[in-house]
>>> print(open('start-v7.tsv').read())   # TSV, C-alpha atoms
chain	number	residue	atom	x	y	z
A	1	MET	CA	-8.61	-13.98	-0.71
A	2	HIS	CA	-9.86	-14.74	-4.23
A	3	PHE	CA	-13.24	-13.51	-5.46
A	4	ILE	CA	-13.06	-15.55	-8.68
A	5	SER	CA	-12.20	-19.20	-9.34
A	6	GLU	CA	-8.57	-20.24	-9.01
A	7	GLU	CA	-8.52	-21.21	-12.69
A	8	LEU	CA	-9.76	-17.79	-13.78
A	9	ASP	CA	-7.42	-16.08	-11.30
A	10	ASN	CA	-4.47	-17.94	-12.82
A	11	TYR	CA	-5.59	-16.76	-16.26
A	12	VAL	CA	-5.73	-13.14	-15.05
A	13	VAL	CA	-2.21	-13.34	-13.61
A	14	SER	CA	-0.76	-15.07	-16.67
A	15	HIS	CA	-2.18	-12.38	-18.94
A	16	SER	CA	-0.83	-9.53	-16.86
A	17	GLU	CA	2.71	-8.12	-16.78
A	18	ASP	CA	5.45	-10.48	-15.62
A	19	GLU	CA	6.91	-10.04	-12.16
A	20	PRO	CA	10.37	-8.40	-12.27
A	21	LYS	CA	13.23	-10.72	-11.32
A	22	LEU	CA	14.27	-8.61	-8.33
A	23	LEU	CA	10.77	-8.87	-6.89
A	24	GLN	CA	10.78	-12.62	-7.52
A	25	ALA	CA	13.96	-12.84	-5.43
A	26	LEU	CA	12.45	-10.63	-2.72
A	27	THR	CA	9.40	-12.88	-2.59
A	28	ARG	CA	11.50	-16.04	-2.28
A	29	GLU	CA	13.61	-14.63	0.54
A	30	THR	CA	10.57	-13.26	2.36
A	31	TYR	CA	8.95	-16.71	2.34
A	32	GLN	CA	12.21	-18.31	3.49
A	33	LYS	CA	13.09	-15.93	6.31
A	34	ILE	CA	10.25	-13.63	7.37
A	35	LEU	CA	7.15	-14.29	9.44
A	36	GLN	CA	3.71	-13.85	7.83
A	37	PRO	CA	4.89	-13.81	4.19
A	38	ARG	CA	1.25	-13.55	3.07
A	39	MET	CA	1.54	-9.86	3.91
A	40	LEU	CA	3.42	-9.36	0.64
A	41	SER	CA	1.51	-7.49	-2.04
A	42	GLY	CA	2.51	-10.24	-4.47
A	43	HIS	CA	2.87	-10.46	-8.23
A	44	TYR	CA	-0.57	-9.43	-9.46
A	45	GLN	CA	-1.31	-6.70	-6.94
A	46	GLY	CA	2.25	-5.47	-7.33
A	47	ARG	CA	1.70	-4.99	-11.05
A	48	VAL	CA	-1.54	-3.14	-10.27
A	49	LEU	CA	0.35	-0.80	-7.93
A	50	SER	CA	3.06	-0.33	-10.54
A	51	ILE	CA	0.73	0.63	-13.37
A	52	ILE	CA	-1.29	3.00	-11.16
A	53	SER	CA	1.94	4.70	-10.14
A	54	LYS	CA	3.00	4.95	-13.79
A	55	LEU	CA	-0.33	6.56	-14.67
A	56	VAL	CA	-0.01	9.05	-11.81
A	57	ASN	CA	3.73	9.63	-12.43
A	58	PRO	CA	4.17	10.98	-8.89
A	59	LYS	CA	7.05	13.14	-7.76
A	60	ASN	CA	6.63	12.24	-4.09
A	61	ILE	CA	5.19	8.97	-2.76
A	62	LEU	CA	4.30	8.08	0.82
A	63	GLU	CA	3.88	4.48	1.93
A	64	ILE	CA	2.53	3.61	5.38
A	65	GLY	CA	3.58	0.03	6.10
A	66	THR	CA	6.75	-1.21	4.39
A	67	TYR	CA	6.95	-4.88	5.42
A	68	THR	CA	9.80	-6.27	3.26
A	69	GLY	CA	9.69	-3.53	0.64
A	70	TYR	CA	7.81	-5.23	-2.21
A	71	SER	CA	5.07	-2.65	-2.64
A	72	ALA	CA	7.53	0.25	-2.28
A	73	LEU	CA	9.55	-1.06	-5.21
A	74	CYS	CA	6.38	-1.47	-7.29
A	75	LEU	CA	5.28	2.10	-6.55
A	76	ALA	CA	8.76	3.45	-7.27
A	77	GLU	CA	8.50	2.20	-10.86
A	78	GLY	CA	6.20	5.09	-11.73
A	79	MET	CA	8.05	7.77	-9.80
A	80	GLN	CA	9.55	10.80	-11.57
A	81	ASN	CA	13.33	10.72	-12.02
A	82	ASN	CA	13.82	13.40	-9.37
A	83	GLY	CA	11.13	11.97	-7.09
A	84	GLU	CA	11.24	10.55	-3.58
A	85	LEU	CA	9.48	7.66	-1.91
A	86	HIS	CA	9.12	7.81	1.87
A	87	THR	CA	8.12	4.55	3.51
A	88	ILE	CA	7.28	4.09	7.18
A	89	ASP	CA	7.33	0.92	9.26
A	90	ILE	CA	7.44	0.21	12.97
A	91	ASN	CA	9.37	-3.09	12.74
A	92	GLU	CA	13.08	-2.36	13.09
A	93	GLU	CA	13.98	-6.01	12.43
A	94	LEU	CA	12.97	-5.60	8.77
A	95	PHE	CA	14.93	-2.39	8.16
A	96	ASP	CA	18.10	-3.99	6.77
A	97	PHE	CA	16.12	-6.51	4.71
A	98	GLN	CA	14.22	-3.65	3.05
A	99	ARG	CA	17.39	-1.65	2.45
A	100	LYS	CA	19.09	-4.59	0.76
A	101	TYR	CA	16.44	-4.80	-1.94
A	102	PHE	CA	16.00	-1.05	-2.25
A	103	ASP	CA	19.72	-0.72	-2.98
A	104	LEU	CA	19.61	-3.57	-5.51
A	105	SER	CA	16.93	-1.66	-7.44
A	106	ASP	CA	17.23	1.38	-9.70
A	107	TYR	CA	15.49	3.51	-7.07
A	108	GLY	CA	17.60	2.94	-3.95
A	109	SER	CA	18.85	6.51	-3.57
A	110	HIS	CA	15.30	7.83	-3.93
A	111	ILE	CA	13.74	5.59	-1.25
A	112	HIS	CA	13.84	6.89	2.32
A	113	GLN	CA	13.00	4.61	5.23
A	114	HIS	CA	11.40	5.90	8.42
A	115	LEU	CA	11.24	3.75	11.53
A	116	GLY	CA	8.53	4.36	14.10
A	117	ASN	CA	4.90	5.37	14.50
A	118	ALA	CA	3.54	6.84	11.26
A	119	LEU	CA	1.25	9.20	13.15
A	120	ASP	CA	4.33	10.77	14.73
A	121	ILE	CA	6.48	10.74	11.58
A	122	ILE	CA	4.06	12.06	8.93
A	123	PRO	CA	3.54	15.53	10.48
A	124	LYS	CA	7.33	15.99	10.46
A	125	LEU	CA	7.64	15.33	6.70
A	126	ASP	CA	7.93	18.79	5.17
A	127	MET	CA	6.49	17.98	1.75
A	128	THR	CA	3.31	17.08	-0.09
A	129	PHE	CA	2.54	13.87	-1.93
A	130	ASP	CA	1.03	12.80	-5.23
A	131	LEU	CA	0.51	9.18	-4.23
A	132	VAL	CA	-0.06	7.55	-0.84
A	133	PHE	CA	-0.31	3.82	-0.12
A	134	ILE	CA	-1.84	2.76	3.20
A	135	ASP	CA	-1.09	-0.84	4.20
A	136	ALA	CA	-0.36	-0.89	7.93
A	137	ASP	CA	-2.35	-1.63	11.10
A	138	LYS	CA	-6.01	-1.52	10.15
A	139	GLU	CA	-7.14	0.02	13.43
A	140	ASN	CA	-5.41	3.28	12.47
A	141	TYR	CA	-6.52	3.62	8.84
A	142	SER	CA	-8.90	6.50	9.59
A	143	ALA	CA	-6.21	8.24	11.65
A	144	TYR	CA	-3.72	7.85	8.81
A	145	PHE	CA	-6.23	9.36	6.40
A	146	ASP	CA	-6.75	12.36	8.66
A	147	CYS	CA	-2.98	12.74	8.96
A	148	ILE	CA	-2.21	12.69	5.24
A	149	ILE	CA	-5.22	14.29	3.52
A	150	ASP	CA	-3.85	17.84	3.86
A	151	LYS	CA	-0.45	16.66	2.62
A	152	LEU	CA	-1.99	15.15	-0.52
A	153	ASN	CA	-1.79	17.36	-3.59
A	154	PRO	CA	-4.99	18.16	-5.52
A	155	GLY	CA	-5.56	15.29	-7.94
A	156	GLY	CA	-3.40	13.06	-5.75
A	157	ILE	CA	-4.24	9.41	-5.11
A	158	ILE	CA	-4.64	7.40	-1.92
A	159	LEU	CA	-4.46	3.62	-2.30
A	160	SER	CA	-5.79	1.63	0.68
A	161	ASP	CA	-5.13	-2.10	0.96
A	162	ASN	CA	-7.08	-4.92	2.65
A	163	VAL	CA	-10.32	-2.93	2.77
A	164	LEU	CA	-12.47	-6.06	2.28
A	165	TRP	CA	-10.63	-7.91	5.07
A	166	SER	CA	-11.39	-11.41	3.78
A	167	GLY	CA	-15.07	-10.51	3.64
A	168	LYS	CA	-15.27	-9.77	7.38
A	169	ILE	CA	-16.52	-6.24	6.68
A	170	LEU	CA	-19.93	-7.83	5.98
A	171	ASP	CA	-20.05	-9.54	9.39
A	172	ILE	CA	-21.82	-7.28	11.88
A	173	ARG	CA	-21.26	-9.87	14.62
A	174	PHE	CA	-17.49	-9.56	14.82
A	175	LYS	CA	-15.77	-10.72	17.99
A	176	LYS	CA	-15.31	-8.22	20.79
A	177	GLU	CA	-11.52	-8.54	20.59
A	178	ASP	CA	-11.57	-7.87	16.84
A	179	LYS	CA	-10.55	-4.22	16.49
A	180	ALA	CA	-9.59	-4.33	12.82
A	181	THR	CA	-12.97	-5.20	11.31
A	182	PRO	CA	-15.01	-2.33	12.81
A	183	ALA	CA	-12.12	0.04	12.07
A	184	LEU	CA	-12.18	-0.93	8.39
A	185	ILE	CA	-15.98	-0.63	8.24
A	186	GLU	CA	-15.62	2.90	9.61
A	187	TYR	CA	-12.77	3.67	7.22
A	188	ASN	CA	-14.64	2.49	4.14
A	189	LYS	CA	-17.57	4.71	5.11
A	190	LEU	CA	-15.21	7.64	5.64
A	191	LEU	CA	-13.78	7.24	2.12
A	192	LYS	CA	-17.27	7.05	0.62
A	193	ASP	CA	-18.63	10.07	2.51
A	194	ASP	CA	-15.70	12.51	2.61
A	195	PRO	CA	-16.47	15.30	0.09
A	196	ARG	CA	-12.77	16.05	-0.49
A	197	ILE	CA	-12.23	12.80	-2.38
A	198	GLU	CA	-13.84	10.50	-4.92
A	199	THR	CA	-13.45	6.78	-4.32
A	200	VAL	CA	-13.73	3.44	-6.10
A	201	LEU	CA	-13.31	0.17	-4.19
A	202	LEU	CA	-11.83	-2.59	-6.34
A	203	PRO	CA	-12.30	-6.29	-5.45
A	204	ILE	CA	-8.62	-7.01	-6.12
A	205	ARG	CA	-7.19	-9.66	-3.80
A	206	ASP	CA	-8.27	-8.49	-0.33
A	207	GLY	CA	-9.75	-5.23	-1.57
A	208	LEU	CA	-7.95	-2.13	-2.86
A	209	THR	CA	-9.51	1.33	-2.74
A	210	ILE	CA	-8.48	4.15	-5.06
A	211	SER	CA	-9.37	7.60	-3.73
A	212	ARG	CA	-8.62	10.79	-5.67
A	213	LYS	CA	-8.42	14.18	-4.00
A	214	LYS	CA	-10.61	16.66	-5.81
A	215	ARG	CA	-9.09	19.86	-7.11
>>> encode(input="start-v7.tsv", output="structure tokens")
Amino acid sequence: MHFISEELDNYVVSHSEDEPKLLQALTRETYQKILQPRMLSGHYQGRVLSIISKLVNPKNILEIGTYTGYSALCLAEGMQNNGELHTIDINEELFDFQRKYFDLSDYGSHIHQHLGNALDIIPKLDMTFDLVFIDADKENYSAYFDCIIDKLNPGGIILSDNVLWSGKILDIRFKKEDKATPALIEYNKLLKDDPRIETVLLPIRDGLTISRKKR
């Protein structure tokens, strides 16, 4: 979803950092072989994730929702040399695809894949995190927040994707079968109201929230 004209959006992208060649290749293969390629973070948002990670310079990163590995590679660009990135996804069919590109990158040995339900996996990770990226099933965003907030270091950052949900968060008459929209409305309110964090919602692509844990 674009909140500005296509012409202006193209200008923004062309005056931002270029997309690394490995990520260009990952994008091409995702569009050729994988269902729902629009789930990719993509060039512009990927560069946003990269520069935020570089500003944070995290030792440990947690990603909830790997898809084909694009966002993980962007986040890894800012990771400390001795850092680790743990990424969780429930789709076992994408595991080898992700691993291929992780191993082609400079960060392969630092990226650890976890297969299964994030709500089961996160409590078993015996570490704390400086940066967390949430981009999985929207119905569980609030549950993911509750699961990771005590594992987030003071000053740590939570990035939450798709929080504007193509503008549906403004529609109070969502369909009964639509579970994602009310879940995101609840989640956005949680981020705004929780006293442990400070939050800014950015109208980047489909909405990206930056939340910082207070010291």
>>> atom_distance(input="start-v7.tsv", atom1="atom CA of A:Ser166", atom2="atom CA of A:Ile185")
12.5 Å
>>> closest_residue(input="start-v7.tsv", among="A:Gly207, A:Glu139, A:Val200, A:Leu170", to="A:Leu184", atoms="all atoms listed in the file")
A:Glu139
>>> residues_around(input="start-v7.tsv", residues="A:Ser71", least_positions_apart="3", cutoff="8 Å", atoms="only C-alpha atoms", output="list in words")
Leu40, Ser41, Gly46, Leu49, Thr66, Cys74 and Leu75 of chain A
>>> atom_distance(input="start-v7.tsv", atom1="atom CA of A:Val48", atom2="atom CA of A:Pro20")
13.2 Å
>>> atom_distance(input="start-v7.tsv", atom1="atom CA of A:Asp150", atom2="atom CA of A:Gly65")
19.4 Å
>>> residues_around(input="start-v7.tsv", residues="A:Ala136", least_positions_apart="2", cutoff="7 Å", atoms="only C-alpha atoms", output="PDB file with C-alpha atoms, in the coordinates of the input")
ATOM      1  CA  ILE A  64       2.530   3.610   5.380  1.00  0.00           C
ATOM      2  CA  GLY A  65       3.580   0.030   6.100  1.00  0.00           C
ATOM      3  CA  ILE A 134      -1.840   2.760   3.200  1.00  0.00           C
ATOM      4  CA  LYS A 138      -6.010  -1.520  10.150  1.00  0.00           C
TER       5      LYS A 138
END
>>> residues_near_point(input="start-v7.tsv", point="(-8.1, -0.7, -7.3)", cutoff="12 Å", atoms="all atoms listed in the file", output="PyMOL selection string")
chain A and resi 44-53+133+157-164+199-212
>>> closest_residue(input="start-v7.tsv", among="A:Pro195, A:Gly116, A:Pro154, A:Pro58", to="A:Gly78", atoms="only C-alpha atoms")
A:Pro58
>>> closest_residue(input="start-v7.tsv", among="A:Lys168, A:Asp103, A:Gly108, A:His43", to="A:Gln24", atoms="only C-alpha atoms")
A:His43
>>> residues_around(input="start-v7.tsv", residues="A:Gly83", least_positions_apart="4", cutoff="9 Å", atoms="all atoms listed in the file", output="PyMOL selection string")
chain A and resi 58-61+76+79+110
>>> closest_residue(input="start-v7.tsv", among="A:Glu63, A:Glu19, A:Glu6, A:Glu177", to="A:Val132", atoms="only C-alpha atoms")
A:Glu63
>>> closest_residue(input="start-v7.tsv", among="A:Lys176, A:Lys54, A:Lys33, A:Lys189", to="A:Phe97", atoms="all atoms listed in the file")
A:Lys33
>>> build_atoms(input="start-v7.tsv", residues="stretch 183-211 of chain A", atoms="N, CA and C atoms", output="mmCIF file, in the coordinates of the input")
data_model
loop_
_atom_site.group_PDB
_atom_site.id
_atom_site.type_symbol
_atom_site.label_atom_id
_atom_site.label_comp_id
_atom_site.auth_asym_id
_atom_site.auth_seq_id
_atom_site.Cartn_x
_atom_site.Cartn_y
_atom_site.Cartn_z
ATOM 1 N N ALA A 183 -12.922 -1.102 12.523
ATOM 2 C CA ALA A 183 -12.120 0.040 12.070
ATOM 3 C C ALA A 183 -12.167 0.165 10.548
ATOM 4 N N LEU A 184 -12.123 -0.966 9.855
ATOM 5 C CA LEU A 184 -12.180 -0.930 8.390
ATOM 6 C C LEU A 184 -13.574 -0.564 7.892
ATOM 7 N N ILE A 185 -14.609 -1.021 8.595
ATOM 8 C CA ILE A 185 -15.980 -0.630 8.240
ATOM 9 C C ILE A 185 -16.113 0.889 8.341
ATOM 10 N N GLU A 186 -15.588 1.444 9.409
ATOM 11 C CA GLU A 186 -15.620 2.900 9.610
ATOM 12 C C GLU A 186 -14.811 3.612 8.526
ATOM 13 N N TYR A 187 -13.649 3.052 8.214
ATOM 14 C CA TYR A 187 -12.770 3.670 7.220
ATOM 15 C C TYR A 187 -13.401 3.674 5.836
ATOM 16 N N ASN A 188 -13.995 2.555 5.451
ATOM 17 C CA ASN A 188 -14.640 2.490 4.140
ATOM 18 C C ASN A 188 -15.772 3.506 4.020
ATOM 19 N N LYS A 189 -16.500 3.704 5.102
ATOM 20 C CA LYS A 189 -17.570 4.710 5.110
ATOM 21 C C LYS A 189 -16.985 6.109 5.003
ATOM 22 N N LEU A 190 -15.874 6.336 5.697
ATOM 23 C CA LEU A 190 -15.210 7.640 5.640
ATOM 24 C C LEU A 190 -14.813 7.965 4.195
ATOM 25 N N LEU A 191 -14.203 7.009 3.508
ATOM 26 C CA LEU A 191 -13.780 7.240 2.120
ATOM 27 C C LEU A 191 -14.976 7.527 1.209
ATOM 28 N N LYS A 192 -16.075 6.857 1.453
ATOM 29 C CA LYS A 192 -17.270 7.050 0.620
ATOM 30 C C LYS A 192 -17.898 8.418 0.877
ATOM 31 N N ASP A 193 -17.869 8.882 2.120
ATOM 32 C CA ASP A 193 -18.630 10.070 2.510
ATOM 33 C C ASP A 193 -17.826 11.368 2.484
ATOM 34 N N ASP A 194 -16.495 11.287 2.527
ATOM 35 C CA ASP A 194 -15.700 12.510 2.610
ATOM 36 C C ASP A 194 -15.788 13.297 1.302
ATOM 37 N N PRO A 195 -16.264 14.540 1.324
ATOM 38 C CA PRO A 195 -16.470 15.300 0.090
ATOM 39 C C PRO A 195 -15.182 15.757 -0.579
ATOM 40 N N ARG A 196 -14.043 15.604 0.097
ATOM 41 C CA ARG A 196 -12.770 16.050 -0.490
ATOM 42 C C ARG A 196 -12.220 15.060 -1.494
ATOM 43 N N ILE A 197 -12.768 13.844 -1.511
ATOM 44 C CA ILE A 197 -12.230 12.800 -2.380
ATOM 45 C C ILE A 197 -13.340 12.101 -3.141
ATOM 46 N N GLU A 198 -12.941 11.420 -4.219
ATOM 47 C CA GLU A 198 -13.840 10.500 -4.920
ATOM 48 C C GLU A 198 -13.187 9.125 -4.893
ATOM 49 N N THR A 199 -13.984 8.093 -4.672
ATOM 50 C CA THR A 199 -13.450 6.780 -4.320
ATOM 51 C C THR A 199 -14.092 5.664 -5.132
ATOM 52 N N VAL A 200 -13.252 4.699 -5.512
ATOM 53 C CA VAL A 200 -13.730 3.440 -6.100
ATOM 54 C C VAL A 200 -13.049 2.301 -5.358
ATOM 55 N N LEU A 201 -13.840 1.346 -4.876
ATOM 56 C CA LEU A 201 -13.310 0.170 -4.190
ATOM 57 C C LEU A 201 -13.244 -0.976 -5.179
ATOM 58 N N LEU A 202 -12.049 -1.509 -5.376
ATOM 59 C CA LEU A 202 -11.830 -2.590 -6.340
ATOM 60 C C LEU A 202 -11.697 -3.930 -5.615
ATOM 61 N N PRO A 203 -12.409 -4.973 -6.081
ATOM 62 C CA PRO A 203 -12.300 -6.290 -5.450
ATOM 63 C C PRO A 203 -11.059 -7.040 -5.923
ATOM 64 N N ILE A 204 -9.910 -6.405 -5.762
ATOM 65 C CA ILE A 204 -8.620 -7.010 -6.120
ATOM 66 C C ILE A 204 -8.019 -7.627 -4.874
ATOM 67 N N ARG A 205 -7.713 -8.926 -4.947
ATOM 68 C CA ARG A 205 -7.190 -9.660 -3.800
ATOM 69 C C ARG A 205 -8.041 -9.372 -2.558
ATOM 70 N N ASP A 206 -7.516 -8.709 -1.555
ATOM 71 C CA ASP A 206 -8.270 -8.490 -0.330
ATOM 72 C C ASP A 206 -8.937 -7.113 -0.297
ATOM 73 N N GLY A 207 -9.102 -6.524 -1.475
ATOM 74 C CA GLY A 207 -9.750 -5.230 -1.570
ATOM 75 C C GLY A 207 -8.754 -4.085 -1.645
ATOM 76 N N LEU A 208 -8.838 -3.272 -2.690
ATOM 77 C CA LEU A 208 -7.950 -2.130 -2.860
ATOM 78 C C LEU A 208 -8.802 -0.928 -3.250
ATOM 79 N N THR A 209 -8.745 0.122 -2.453
ATOM 80 C CA THR A 209 -9.510 1.330 -2.740
ATOM 81 C C THR A 209 -8.613 2.380 -3.392
ATOM 82 N N ILE A 210 -9.145 3.003 -4.442
ATOM 83 C CA ILE A 210 -8.480 4.150 -5.060
ATOM 84 C C ILE A 210 -9.314 5.391 -4.741
ATOM 85 N N SER A 211 -8.685 6.341 -4.075
ATOM 86 C CA SER A 211 -9.370 7.600 -3.730
ATOM 87 C C SER A 211 -8.554 8.750 -4.328
#
